[in-house]
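Colleague: The structure file structure.tsv (TSV, C-alpha atoms) is provided below.
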chain	number	residue	atom	x	y	z
A	15	MET	CA	15.26	27.85	8.21
A	16	ARG	CA	15.31	31.08	6.24
A	17	LEU	CA	12.67	31.19	3.49
A	18	ARG	CA	14.09	33.85	1.17
A	19	PHE	CA	12.85	32.83	-2.25
A	20	LEU	CA	13.73	35.43	-4.83
A	21	GLY	CA	12.80	34.87	-8.45
A	22	LEU	CA	15.36	36.63	-10.63
A	23	ALA	CA	15.69	36.75	-14.40
A	24	VAL	CA	18.29	34.36	-15.77
A	25	GLY	CA	20.70	35.03	-18.57
A	26	GLY	CA	22.29	32.39	-20.74
A	27	ALA	CA	20.79	29.67	-22.88
A	28	VAL	CA	20.81	25.94	-23.28
A	29	LEU	CA	22.24	24.22	-26.29
A	30	LEU	CA	19.10	22.53	-27.57
A	31	ALA	CA	16.16	24.49	-28.97
A	32	PHE	CA	12.89	24.09	-27.10
A	33	PRO	CA	9.99	22.42	-28.90
A	34	ALA	CA	6.83	24.42	-29.45
A	35	THR	CA	4.55	21.40	-29.06
A	36	GLY	CA	3.06	20.13	-25.83
A	37	MET	CA	4.67	16.70	-26.27
A	38	ALA	CA	7.22	15.52	-23.71
A	39	ASP	CA	10.76	16.10	-24.81
A	40	THR	CA	14.35	15.98	-23.59
A	41	ILE	CA	16.25	19.23	-23.15
A	42	ASP	CA	20.03	18.94	-22.97
A	43	VAL	CA	22.08	21.26	-20.78
A	44	PHE	CA	25.88	21.38	-20.96
A	45	PRO	CA	28.46	23.15	-18.77
A	46	GLY	CA	28.39	26.90	-19.24
A	47	HIS	CA	24.65	26.97	-19.87
A	48	SER	CA	21.73	27.62	-17.54
A	49	ILE	CA	19.73	24.83	-15.89
A	50	GLN	CA	17.22	27.47	-14.77
A	51	HIS	CA	16.68	28.60	-18.33
A	52	ALA	CA	15.83	25.03	-19.29
A	53	VAL	CA	13.41	24.71	-16.37
A	54	ASN	CA	11.67	27.98	-17.28
A	55	HIS	CA	11.05	26.82	-20.84
A	56	ALA	CA	10.15	23.20	-20.14
A	57	HIS	CA	6.66	21.71	-20.27
A	58	ARG	CA	4.94	19.08	-18.17
A	59	GLY	CA	6.52	15.68	-18.81
A	60	ASP	CA	9.82	17.04	-20.14
A	61	THR	CA	13.19	15.70	-19.02
A	62	ILE	CA	16.04	18.16	-18.53
A	63	LYS	CA	19.23	16.20	-19.06
A	64	VAL	CA	22.12	17.96	-17.34
A	65	HIS	CA	25.38	16.55	-18.68
A	66	ASP	CA	28.50	15.88	-16.64
A	67	GLY	CA	30.44	18.86	-15.37
A	68	VAL	CA	30.37	21.49	-12.64
A	69	TYR	CA	27.51	24.00	-12.53
A	70	HIS	CA	27.71	27.00	-10.20
A	71	GLN	CA	23.95	27.51	-10.07
A	72	SER	CA	20.87	27.59	-7.86
A	73	VAL	CA	17.69	26.23	-9.45
A	74	ALA	CA	14.03	26.91	-8.54
A	75	ILE	CA	11.36	24.56	-9.91
A	76	ARG	CA	7.79	25.88	-10.13
A	77	ARG	CA	6.39	23.74	-12.93
A	78	ASN	CA	4.57	20.40	-12.67
A	79	GLY	CA	5.87	17.14	-14.06
A	80	LEU	CA	9.54	17.90	-14.71
A	81	THR	CA	12.43	15.45	-14.45
A	82	LEU	CA	15.93	16.80	-13.88
A	83	SER	CA	18.45	14.10	-14.68
A	84	GLY	CA	22.16	14.43	-14.01
A	85	ALA	CA	25.03	12.23	-15.16
A	86	GLY	CA	25.59	10.80	-11.68
A	87	ALA	CA	26.68	11.88	-8.22
A	88	ASP	CA	30.42	11.39	-8.73
A	89	LEU	CA	32.70	14.40	-8.21
A	90	LYS	CA	34.89	13.65	-11.23
A	91	THR	CA	32.51	12.14	-13.79
A	92	GLY	CA	29.05	13.23	-12.64
A	93	THR	CA	26.95	16.39	-12.55
A	94	VAL	CA	28.04	18.68	-9.73
A	95	ILE	CA	25.91	21.59	-8.46
A	96	LYS	CA	27.78	24.19	-6.39
A	97	PRO	CA	26.98	27.74	-5.25
A	98	GLY	CA	27.12	30.52	-7.80
A	99	HIS	CA	25.91	34.09	-8.11
A	100	ALA	CA	22.22	33.35	-8.76
A	101	LYS	CA	19.82	34.15	-5.89
A	102	ARG	CA	16.78	32.09	-6.92
A	103	CYS	CA	16.70	29.39	-4.30
A	104	GLN	CA	16.77	30.67	-0.68
A	105	GLY	CA	18.79	33.64	-1.84
A	106	GLY	CA	21.23	31.30	-3.55
A	107	GLY	CA	21.76	29.40	-0.31
A	108	SER	CA	20.33	26.13	-1.64
A	109	GLY	CA	20.97	24.08	-4.75
A	110	PHE	CA	17.49	22.94	-5.81
A	111	CYS	CA	14.13	24.30	-4.59
A	112	ILE	CA	10.75	22.80	-5.47
A	113	LEU	CA	8.28	25.57	-4.67
A	114	SER	CA	4.59	26.33	-5.06
A	115	HIS	CA	3.44	28.16	-8.16
A	116	LYS	CA	0.54	30.33	-9.24
A	117	ALA	CA	-2.59	28.85	-10.81
A	118	GLY	CA	-5.03	31.63	-11.50
A	119	ASN	CA	-5.27	33.78	-8.39
A	120	LYS	CA	-3.90	31.27	-5.91
A	121	ARG	CA	-0.72	29.37	-5.16
A	122	VAL	CA	-0.76	25.59	-5.54
A	123	ARG	CA	1.63	22.74	-4.91
A	124	THR	CA	4.19	21.90	-7.55
A	125	LYS	CA	3.67	18.21	-8.38
A	126	ASN	CA	5.52	15.24	-9.83
A	127	THR	CA	9.08	16.55	-9.81
A	128	THR	CA	11.97	14.10	-10.07
A	129	VAL	CA	15.58	15.02	-9.34
A	130	LYS	CA	18.16	12.30	-9.93
A	131	GLY	CA	21.84	11.81	-10.55
A	132	PHE	CA	23.38	14.98	-9.02
A	133	LEU	CA	26.10	15.80	-6.53
A	134	VAL	CA	24.95	18.92	-4.65
A	135	ARG	CA	27.51	20.38	-2.28
A	136	ASN	CA	28.79	23.34	-0.27
A	137	PHE	CA	25.56	25.37	-0.14
A	138	ASP	CA	25.05	27.62	2.88
A	139	ASP	CA	21.56	26.27	3.52
A	140	THR	CA	20.25	23.05	1.93
A	141	GLY	CA	21.25	20.91	-1.01
A	142	LEU	CA	17.65	20.27	-2.10
A	143	ILE	CA	14.49	21.60	-0.47
A	144	ALA	CA	10.84	20.98	-1.30
A	145	VAL	CA	8.33	23.41	0.24
A	146	GLY	CA	4.61	22.80	-0.20
A	147	ALA	CA	5.30	20.24	-2.91
A	148	LYS	CA	3.56	16.99	-3.84
A	149	ARG	CA	4.96	13.72	-5.19
A	150	THR	CA	8.58	14.85	-5.32
A	151	THR	CA	11.06	12.04	-6.02
A	152	ILE	CA	14.72	12.46	-5.07
A	153	ILE	CA	16.74	9.47	-6.26
A	154	ARG	CA	20.43	8.52	-6.52
A	155	ASN	CA	21.83	11.92	-5.56
A	156	ARG	CA	24.58	12.90	-3.15
A	157	PHE	CA	24.30	15.89	-0.82
A	158	ALA	CA	27.54	16.94	0.83
A	159	LYS	CA	28.77	19.66	3.19
A	160	ASP	CA	25.66	21.81	3.05
A	161	GLY	CA	25.12	24.30	5.87
A	162	GLU	CA	21.74	23.07	7.08
A	163	TYR	CA	20.15	19.96	5.51
A	164	GLY	CA	21.31	17.69	2.75
A	165	ALA	CA	17.80	17.15	1.39
A	166	ALA	CA	14.60	18.37	3.05
A	167	ALA	CA	10.83	18.48	2.59
A	168	PHE	CA	8.64	21.00	4.43
A	169	SER	CA	4.83	20.98	4.36
A	170	SER	CA	4.96	18.50	1.52
A	171	ILE	CA	3.05	15.34	0.56
A	172	ARG	CA	4.32	11.98	-0.73
A	173	THR	CA	7.98	12.93	-0.96
A	174	LYS	CA	10.27	10.03	-1.85
A	175	PHE	CA	13.96	9.86	-0.94
A	176	VAL	CA	15.43	6.76	-2.58
A	177	ARG	CA	19.08	5.60	-2.73
A	178	ASN	CA	20.62	8.96	-1.90
A	179	LEU	CA	23.78	9.64	0.09
A	180	SER	CA	24.02	12.56	2.49
A	181	THR	CA	27.38	13.33	4.11
A	182	GLY	CA	28.83	16.12	6.22
A	183	ASN	CA	25.74	18.35	6.34
A	184	HIS	CA	25.48	20.58	9.38
A	185	GLU	CA	22.00	19.85	10.77
A	186	ALA	CA	20.72	16.65	9.16
A	187	GLY	CA	21.27	14.42	6.18
A	188	PHE	CA	17.55	14.02	5.41
A	189	TYR	CA	14.61	15.97	6.83
A	190	VAL	CA	10.83	15.66	6.70
A	191	GLY	CA	9.07	18.36	8.71
A	192	ASP	CA	5.85	20.28	9.35
A	193	SER	CA	3.84	17.81	7.29
A	194	PRO	CA	0.71	16.39	8.97
A	195	HIS	CA	-0.04	14.35	5.85
A	196	ALA	CA	3.54	13.65	4.80
A	197	LYS	CA	3.07	10.07	3.55
A	198	ALA	CA	6.81	10.24	2.91
A	199	LEU	CA	9.07	7.34	1.93
A	200	LEU	CA	12.77	7.16	2.77
A	201	ARG	CA	14.27	3.94	1.40
A	202	HIS	CA	17.84	2.70	0.88
A	203	ASN	CA	19.41	6.07	1.71
A	204	LYS	CA	22.65	6.54	3.62
A	205	ALA	CA	23.33	9.38	6.07
A	206	ARG	CA	26.97	9.52	7.17
A	207	GLY	CA	28.84	12.02	9.29
A	208	ASN	CA	26.16	14.69	9.41
A	209	GLY	CA	25.49	16.95	12.37
A	210	SER	CA	22.60	16.48	14.77
A	211	PHE	CA	20.63	13.90	12.77
A	212	GLY	CA	21.12	11.38	10.03
A	213	PHE	CA	17.35	11.27	9.44
A	214	PHE	CA	15.26	13.98	11.10
A	215	LEU	CA	11.49	13.35	11.05
A	216	ARG	CA	9.90	16.27	12.88
A	217	ASP	CA	6.22	17.10	13.40
A	218	SER	CA	5.22	14.91	10.47
A	219	ALA	CA	2.93	11.91	10.10
A	220	HIS	CA	2.22	8.83	8.01
A	221	GLY	CA	5.73	8.06	6.79
A	222	ARG	CA	8.07	5.11	6.26
A	223	ALA	CA	11.81	4.90	6.81
A	224	LEU	CA	12.91	1.56	5.37
A	225	ASN	CA	16.30	-0.09	4.89
A	226	ASN	CA	18.33	3.08	5.38
A	227	THR	CA	21.78	3.39	6.93
A	228	ALA	CA	22.74	6.01	9.53
A	229	VAL	CA	26.36	6.08	10.73
A	230	HIS	CA	28.64	8.59	12.49
A	231	ASN	CA	25.96	11.24	13.10
A	232	CYS	CA	25.03	12.61	16.54
A	233	LEU	CA	21.66	10.81	16.29
A	234	GLY	CA	20.84	8.23	13.64
A	235	ILE	CA	17.05	8.37	13.11
A	236	GLY	CA	14.91	10.76	15.13
A	237	VAL	CA	11.09	11.01	15.21
A	238	LEU	CA	10.43	14.24	17.11
A	239	ASN	CA	7.27	15.97	18.28
A	240	THR	CA	7.85	19.63	19.24
A	241	GLY	CA	4.19	20.51	19.65
A	242	ALA	CA	4.00	22.28	16.31
A	243	PRO	CA	1.03	21.52	14.03
A	244	GLY	CA	1.54	18.17	12.39
A	245	THR	CA	2.58	15.94	15.33
A	246	ALA	CA	5.13	13.14	14.93
A	247	ARG	CA	2.98	10.05	14.53
A	248	ARG	CA	2.30	6.94	12.48
A	249	TRP	CA	5.85	6.33	11.28
A	250	LEU	CA	7.19	2.90	10.37
A	251	VAL	CA	10.95	2.66	11.00
A	252	LYS	CA	11.93	-0.77	9.73
A	253	GLY	CA	14.97	-2.67	8.53
A	254	ASN	CA	17.46	0.15	9.04
A	255	THR	CA	21.13	-0.15	9.99
A	256	VAL	CA	21.99	2.40	12.68
A	257	ARG	CA	25.48	2.29	14.16
A	258	LYS	CA	28.18	4.38	15.78
A	259	ASN	CA	26.25	7.62	15.86
A	260	ASN	CA	28.75	8.95	18.36
A	261	LYS	CA	29.45	12.52	17.29
A	262	PHE	CA	28.72	15.21	19.86
A	263	CYS	CA	26.41	18.12	19.03
A	264	LYS	CA	26.19	20.98	21.49
A	265	ALA	CA	22.86	22.19	22.87
A	266	GLN	CA	21.21	24.72	20.58
A	267	GLU	CA	17.87	26.51	20.09
A	268	GLY	CA	16.56	25.28	23.43
A	269	GLY	CA	17.34	21.63	22.74
A	270	PRO	CA	19.72	19.43	24.72
A	271	PRO	CA	23.13	18.21	23.55
A	272	ILE	CA	22.92	15.13	21.35
A	273	SER	CA	25.34	12.23	21.12
A	274	GLY	CA	25.21	8.46	20.96
A	275	THR	CA	21.55	7.94	20.04
A	276	GLY	CA	20.68	5.30	17.46
A	277	ILE	CA	16.90	5.64	17.04
A	278	GLY	CA	15.02	8.23	19.09
A	279	LEU	CA	11.26	8.40	19.55
A	280	VAL	CA	10.88	11.79	21.22
A	281	GLY	CA	7.22	12.37	21.96
A	282	ALA	CA	6.29	10.24	18.95
A	283	LYS	CA	2.89	8.56	18.74
A	284	GLN	CA	1.61	5.42	17.01
A	285	THR	CA	5.07	4.72	15.64
A	286	VAL	CA	6.55	1.28	14.98
A	287	VAL	CA	10.30	0.60	15.23
A	288	ARG	CA	10.83	-2.90	13.90
A	289	GLN	CA	13.61	-5.20	12.70
A	290	ASN	CA	16.38	-2.61	12.84
A	291	SER	CA	20.05	-3.32	13.56
A	292	VAL	CA	21.27	-0.79	16.15
A	293	ARG	CA	24.85	-1.18	17.35
A	294	GLY	CA	27.67	0.76	18.95
A	295	ASN	CA	25.90	4.04	19.59
A	296	LYS	CA	27.78	5.63	22.50
A	297	PRO	CA	27.81	9.27	23.64
A	298	ARG	CA	31.13	11.04	23.27
A	299	GLN	CA	30.09	13.44	26.04
A	300	SER	CA	27.13	13.48	28.39
A	301	ALA	CA	23.81	13.62	26.50
A	302	PRO	CA	20.36	13.12	28.08
A	303	PHE	CA	18.84	10.63	25.64
A	304	ALA	CA	21.77	8.56	24.49
A	305	GLY	CA	21.20	4.85	23.85
A	306	GLY	CA	20.38	2.35	21.15
A	307	ILE	CA	16.60	2.77	20.80
A	308	VAL	CA	15.23	5.49	23.06
A	309	THR	CA	11.57	6.32	23.79
A	310	ILE	CA	11.11	9.52	25.81
A	311	SER	CA	8.82	12.48	26.38
A	312	SER	CA	9.25	15.67	24.37
A	313	LYS	CA	7.39	17.85	26.89
A	314	PRO	CA	10.62	19.70	27.78
A	315	LEU	CA	10.81	20.66	24.09
A	316	GLY	CA	7.19	21.83	23.92
A	317	GLY	CA	5.82	18.50	22.71
A	318	SER	CA	4.11	15.62	24.46
A	319	ASP	CA	4.58	12.22	26.03
A	320	PRO	CA	4.88	9.28	23.63
A	321	ALA	CA	1.82	7.13	23.07
A	322	SER	CA	0.98	3.80	21.40
A	323	ASP	CA	4.52	3.15	20.17
A	324	THR	CA	5.84	-0.34	19.41
A	325	VAL	CA	9.52	-1.35	19.56
A	326	ALA	CA	9.70	-4.91	18.30
A	327	HIS	CA	12.11	-7.54	16.97
A	328	ASN	CA	15.11	-5.23	16.79
A	329	PHE	CA	18.75	-6.30	17.15
A	330	ALA	CA	20.47	-3.86	19.51
A	331	PHE	CA	23.86	-4.42	21.14
A	332	SER	CA	26.89	-2.47	22.41
A	333	ASN	CA	24.96	0.76	22.88
A	334	GLN	CA	25.46	3.01	25.91
A	335	PRO	CA	24.11	3.61	28.45
A	336	ALA	CA	21.68	0.89	27.31
A	337	ASP	CA	20.46	-0.84	24.18
A	338	LEU	CA	16.82	0.02	24.92
A	339	ARG	CA	15.74	3.03	27.00
A	340	TRP	CA	12.31	4.25	28.06
A	341	ASP	CA	11.82	7.12	30.48
A	342	GLY	CA	8.51	5.65	31.68
A	343	SER	CA	6.37	8.40	30.22
A	344	GLY	CA	3.38	7.98	27.97
A	345	THR	CA	0.80	5.24	27.53
A	346	ASP	CA	0.65	1.94	25.66
A	347	ILE	CA	4.38	1.74	24.94
A	348	ARG	CA	5.20	-1.84	23.86
A	349	PHE	CA	8.54	-3.66	23.73
A	350	ARG	CA	8.30	-7.07	22.09
A	351	GLY	CA	10.83	-9.67	20.99
A	352	ASN	CA	13.87	-7.39	20.95
A	353	HIS	CA	17.29	-9.04	20.94
A	354	CYS	CA	19.50	-6.85	23.10
A	355	GLY	CA	21.91	-6.95	26.02
A	356	THR	CA	20.84	-4.11	28.32
A	357	SER	CA	17.80	-1.98	28.94
A	358	GLN	CA	16.61	0.87	31.15
A	359	PRO	CA	14.43	-0.13	32.93
A	360	ASN	CA	15.38	-3.79	33.12
A	361	GLY	CA	13.25	-6.35	31.34
A	362	LEU	CA	12.76	-4.74	27.91
A	363	CYS	CA	15.04	-7.24	26.16
A	364	SER	CA	13.89	-10.75	25.27
Once you've parsed the file, please lay out its structure as structure tokens.

Modeller:
Amino acid sequence: MRLRFLGLAVGGAVLLAFPATGMADTIDVFPGHSIQHAVNHAHRGDTIKVHDGVYHQSVAIRRNGLTLSGAGADLKTGTVIKPGHAKRCQGGGSGFCILSHKAGNKRVRTKNTTVKGFLVRNFDDTGLIAVGAKRTTIIRNRFAKDGEYGAAAFSSIRTKFVRNLSTGNHEAGFYVGDSPHAKALLRHNKARGNGSFGFFLRDSAHGRALNNTAVHNCLGIGVLNTGAPGTARRWLVKGNTVRKNNKFCKAQEGGPPISGTGIGLVGAKQTVVRQNSVRGNKPRQSAPFAGGIVTISSKPLGGSDPASDTVAHNFAFSNQPADLRWDGSGTDIRFRGNHCGTSQPNGLCS
């Protein structure tokens, strides 16, 4: 990830005058006007209402307590954010950035941001990225055909991804990374036809992935420990639908090729995979950790063996080379009450 955050002055204006009081207000933005200008003049608690239309803009948020509300994530009738000439957010490579801000002589987390009702597409890097943020809520958006991630949170706390759709993004639909105290929630999201991962949970802890859908990615839901500070641990992966993640992603950046993995615990610790439906995940070409639900070591990637993981009461069928796979590494790995047809080694299915 390239962290090139350049704060540039913004021309243009929004249609509605900004109130001088500290009371929460709604600021309307229409096509042809600047979302960034509205953000720069808003106060804690304000809602920036971005009306339907196409906006060629990149928006950086460095103020607490703002809500950005679009007209919906539909291409024809919603609020569409596409690349423009502004260089604010990762050099213009991303649509929305929630970034730290100055308080006195130090930088602090930007808190309580909500982004909802947008279609963000075709950015070179990421549709929406939160870096060092706290209590960011991303709800009912669509992220499409972005060059890296659809929506991502780095070094952030209590990020919520709720009822979003992420399609055709190069690396992953949704990402939570480098967050030892993530306490993230991903609920009722759909990741379809992305690159390596539908949901990529890397070197982060204390999170929940609940009732999401991952289809037609290279890997559906991955909890990965690379050995970086943070460690992948204490995730609950429950009630998700993970099927036909059969795309093939070539080996890159020292990692192996990926294809046909439903849910992967790769060096994860103290993680529970429970009551998920995992079907039809089959590698298109040879890939080392293909399978329905796979628990393996990440030592070859610089991480560790898994430990204290529980795979229980899942429904896993028609996955190849097996519905459940464990490479035998780690300690206290438990398989309980899983309904499945095949396993490696034998005996993991009920």

Colleague: When you look at region 229-241 of chain A with a cut-off of 8 Å (counting all atoms listed in the file), what residues show up, excluding the ones that are within fewer than 3 positions of it in the same chain? I need them as a ChimeraX atom specification.

Modeller: /A:205-217,245-246,256-263,272-282,312-313,315-318

Colleague: Find the residues near Asp60 (chain A): any atom within 12 Å, counting all atoms listed in the file, skip ones fewer than 6 places away on the same chain, and give them as a list in words.

Modeller: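 Close residues of Asp60 (chain A): Phe32, Pro33, Thr35, Gly36, Met37, Ala38, Asp39, Thr40, Ile41, Asp42, Ala52, Val53, Asn54, Arg77, Asn78, Gly79, Leu80, Thr81, Leu82, Ser83, Asn126, Thr127 and Thr128 of chain A.
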
Colleague: Could you tell me how far CA of His47 (chain A) sits from CA of Pro97 (chain A), in Å to one decimal place?

Modeller: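 Distance reported for this atom pair: 14.8 Å.
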
Colleague: Counting all atoms listed in the file, what is within 10 Å of Ala74 (chain A), bar same-chain residues fewer than 5 positions away, as a PDB file with C-alpha atoms, keeping the file's coordinate frame?

Modeller:
ATOM      1  CA  PHE A  19      12.850  32.830  -2.250  1.00  0.00           C
ATOM      2  CA  LEU A  20      13.730  35.430  -4.830  1.00  0.00           C
ATOM      3  CA  GLY A  21      12.800  34.870  -8.450  1.00  0.00           C
ATOM      4  CA  ILE A  49      19.730  24.830 -15.890  1.00  0.00           C
ATOM      5  CA  GLN A  50      17.220  27.470 -14.770  1.00  0.00           C
ATOM      6  CA  VAL A  53      13.410  24.710 -16.370  1.00  0.00           C
ATOM      7  CA  ASN A  54      11.670  27.980 -17.280  1.00  0.00           C
ATOM      8  CA  LYS A 101      19.820  34.150  -5.890  1.00  0.00           C
ATOM      9  CA  ARG A 102      16.780  32.090  -6.920  1.00  0.00           C
ATOM     10  CA  CYS A 103      16.700  29.390  -4.300  1.00  0.00           C
ATOM     11  CA  GLN A 104      16.770  30.670  -0.680  1.00  0.00           C
ATOM     12  CA  GLY A 106      21.230  31.300  -3.550  1.00  0.00           C
ATOM     13  CA  SER A 108      20.330  26.130  -1.640  1.00  0.00           C
ATOM     14  CA  GLY A 109      20.970  24.080  -4.750  1.00  0.00           C
ATOM     15  CA  PHE A 110      17.490  22.940  -5.810  1.00  0.00           C
ATOM     16  CA  CYS A 111      14.130  24.300  -4.590  1.00  0.00           C
ATOM     17  CA  ILE A 112      10.750  22.800  -5.470  1.00  0.00           C
ATOM     18  CA  LEU A 113       8.280  25.570  -4.670  1.00  0.00           C
ATOM     19  CA  LEU A 142      17.650  20.270  -2.100  1.00  0.00           C
ATOM     20  CA  ILE A 143      14.490  21.600  -0.470  1.00  0.00           C
ATOM     21  CA  ALA A 144      10.840  20.980  -1.300  1.00  0.00           C
TER      22      ALA A 144
END

Colleague: Could you work out how far CA of Ser170 (chain A) lies from CA of Arg149 (chain A), giving the answer in Å with one decimal?

Modeller: 8.2 Å

Colleague: I'd like the contact shell of Thr255 (chain A) - 7 Å cut-off, only C-alpha atoms, skipping same-chain residues fewer than 4 positions apart - returned as a PyMOL selection string.

Modeller: chain A and resi 226-228+290-292

Colleague: Nearest to Glu162 (chain A) among A:Asp88, A:Asp346, A:Asp138, A:Asp192, with distances taken over all atoms listed in the file: which residue is it?

Modeller: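 Under the stated criterion, the closest residue is A:Asp138.
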
Colleague: Between A:Val68, A:Val122, A:Ala326, A:Leu224, which is the closest to Gly98 (chain A) once you count all atoms listed in the file?

Modeller: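 Checking each candidate against Gly98 (chain A), we get A:Val68 as the closest.
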
Colleague: So how far away is CA of Glu185 (chain A) from CA of Val251 (chain A), in Å?

Modeller: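 Computing it gives 20.4 Å between the two atoms.
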
Colleague: At a cut-off of 6 Å, using all atoms listed in the file, what residues contact Lys148 (chain A)? Leave out same-chain residues fewer than 2 positions from it and give the result as a list in words.

Modeller: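 Once the nearby chain positions are removed, what remains is Lys125, Thr150, Ser170, Ile171 and Arg172 of chain A.
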
Colleague: Any chance you could export the current selection's C-alpha atoms as a PDB file, in the frame of the given file?

Modeller:
ATOM      1  CA  LYS A 125       3.670  18.210  -8.380  1.00  0.00           C
ATOM      2  CA  THR A 150       8.580  14.850  -5.320  1.00  0.00           C
ATOM      3  CA  SER A 170       4.960  18.500   1.520  1.00  0.00           C
ATOM      4  CA  ILE A 171       3.050  15.340   0.560  1.00  0.00           C
ATOM      5  CA  ARG A 172       4.320  11.980  -0.730  1.00  0.00           C
TER       6      ARG A 172
END

Colleague: Would you be able to write out as an mmCIF file with C-alpha atoms, in the coordinates of the input which residues have an atom within 10 Å of (6.1, 6.6, 30.2) in the file's coordinates, counting all atoms listed in the file?

Modeller:
data_model
loop_
_atom_site.group_PDB
_atom_site.id
_atom_site.type_symbol
_atom_site.label_atom_id
_atom_site.label_comp_id
_atom_site.auth_asym_id
_atom_site.auth_seq_id
_atom_site.Cartn_x
_atom_site.Cartn_y
_atom_site.Cartn_z
ATOM 1 C CA THR A 309 11.570 6.320 23.790
ATOM 2 C CA ILE A 310 11.110 9.520 25.810
ATOM 3 C CA SER A 311 8.820 12.480 26.380
ATOM 4 C CA ASP A 319 4.580 12.220 26.030
ATOM 5 C CA PRO A 320 4.880 9.280 23.630
ATOM 6 C CA ALA A 321 1.820 7.130 23.070
ATOM 7 C CA TRP A 340 12.310 4.250 28.060
ATOM 8 C CA ASP A 341 11.820 7.120 30.480
ATOM 9 C CA GLY A 342 8.510 5.650 31.680
ATOM 10 C CA SER A 343 6.370 8.400 30.220
ATOM 11 C CA GLY A 344 3.380 7.980 27.970
ATOM 12 C CA THR A 345 0.800 5.240 27.530
ATOM 13 C CA ASP A 346 0.650 1.940 25.660
ATOM 14 C CA ILE A 347 4.380 1.740 24.940
#

Colleague: Pick the closest to Trp249 (chain A) from A:Pro302, A:Pro270, A:Gly221, A:Gly107: which is it, counting all atoms listed in the file?

Modeller: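 Ranking A:Pro302, A:Pro270, A:Gly221, A:Gly107 by distance to Trp249 (chain A), first place goes to A:Gly221.
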
Colleague: Kindly provide, as AutoDock Vina command-line options, the centre and edge lengths (Å, one decimal) of an axis-aligned box around all atoms of region 82-99 of chain A given in the file, with 4 Å on each side.

Modeller:
--center_x 25.4 --center_y 22.4 --center_z -10.2 --size_x 27.0 --size_y 31.3 --size_z 17.9
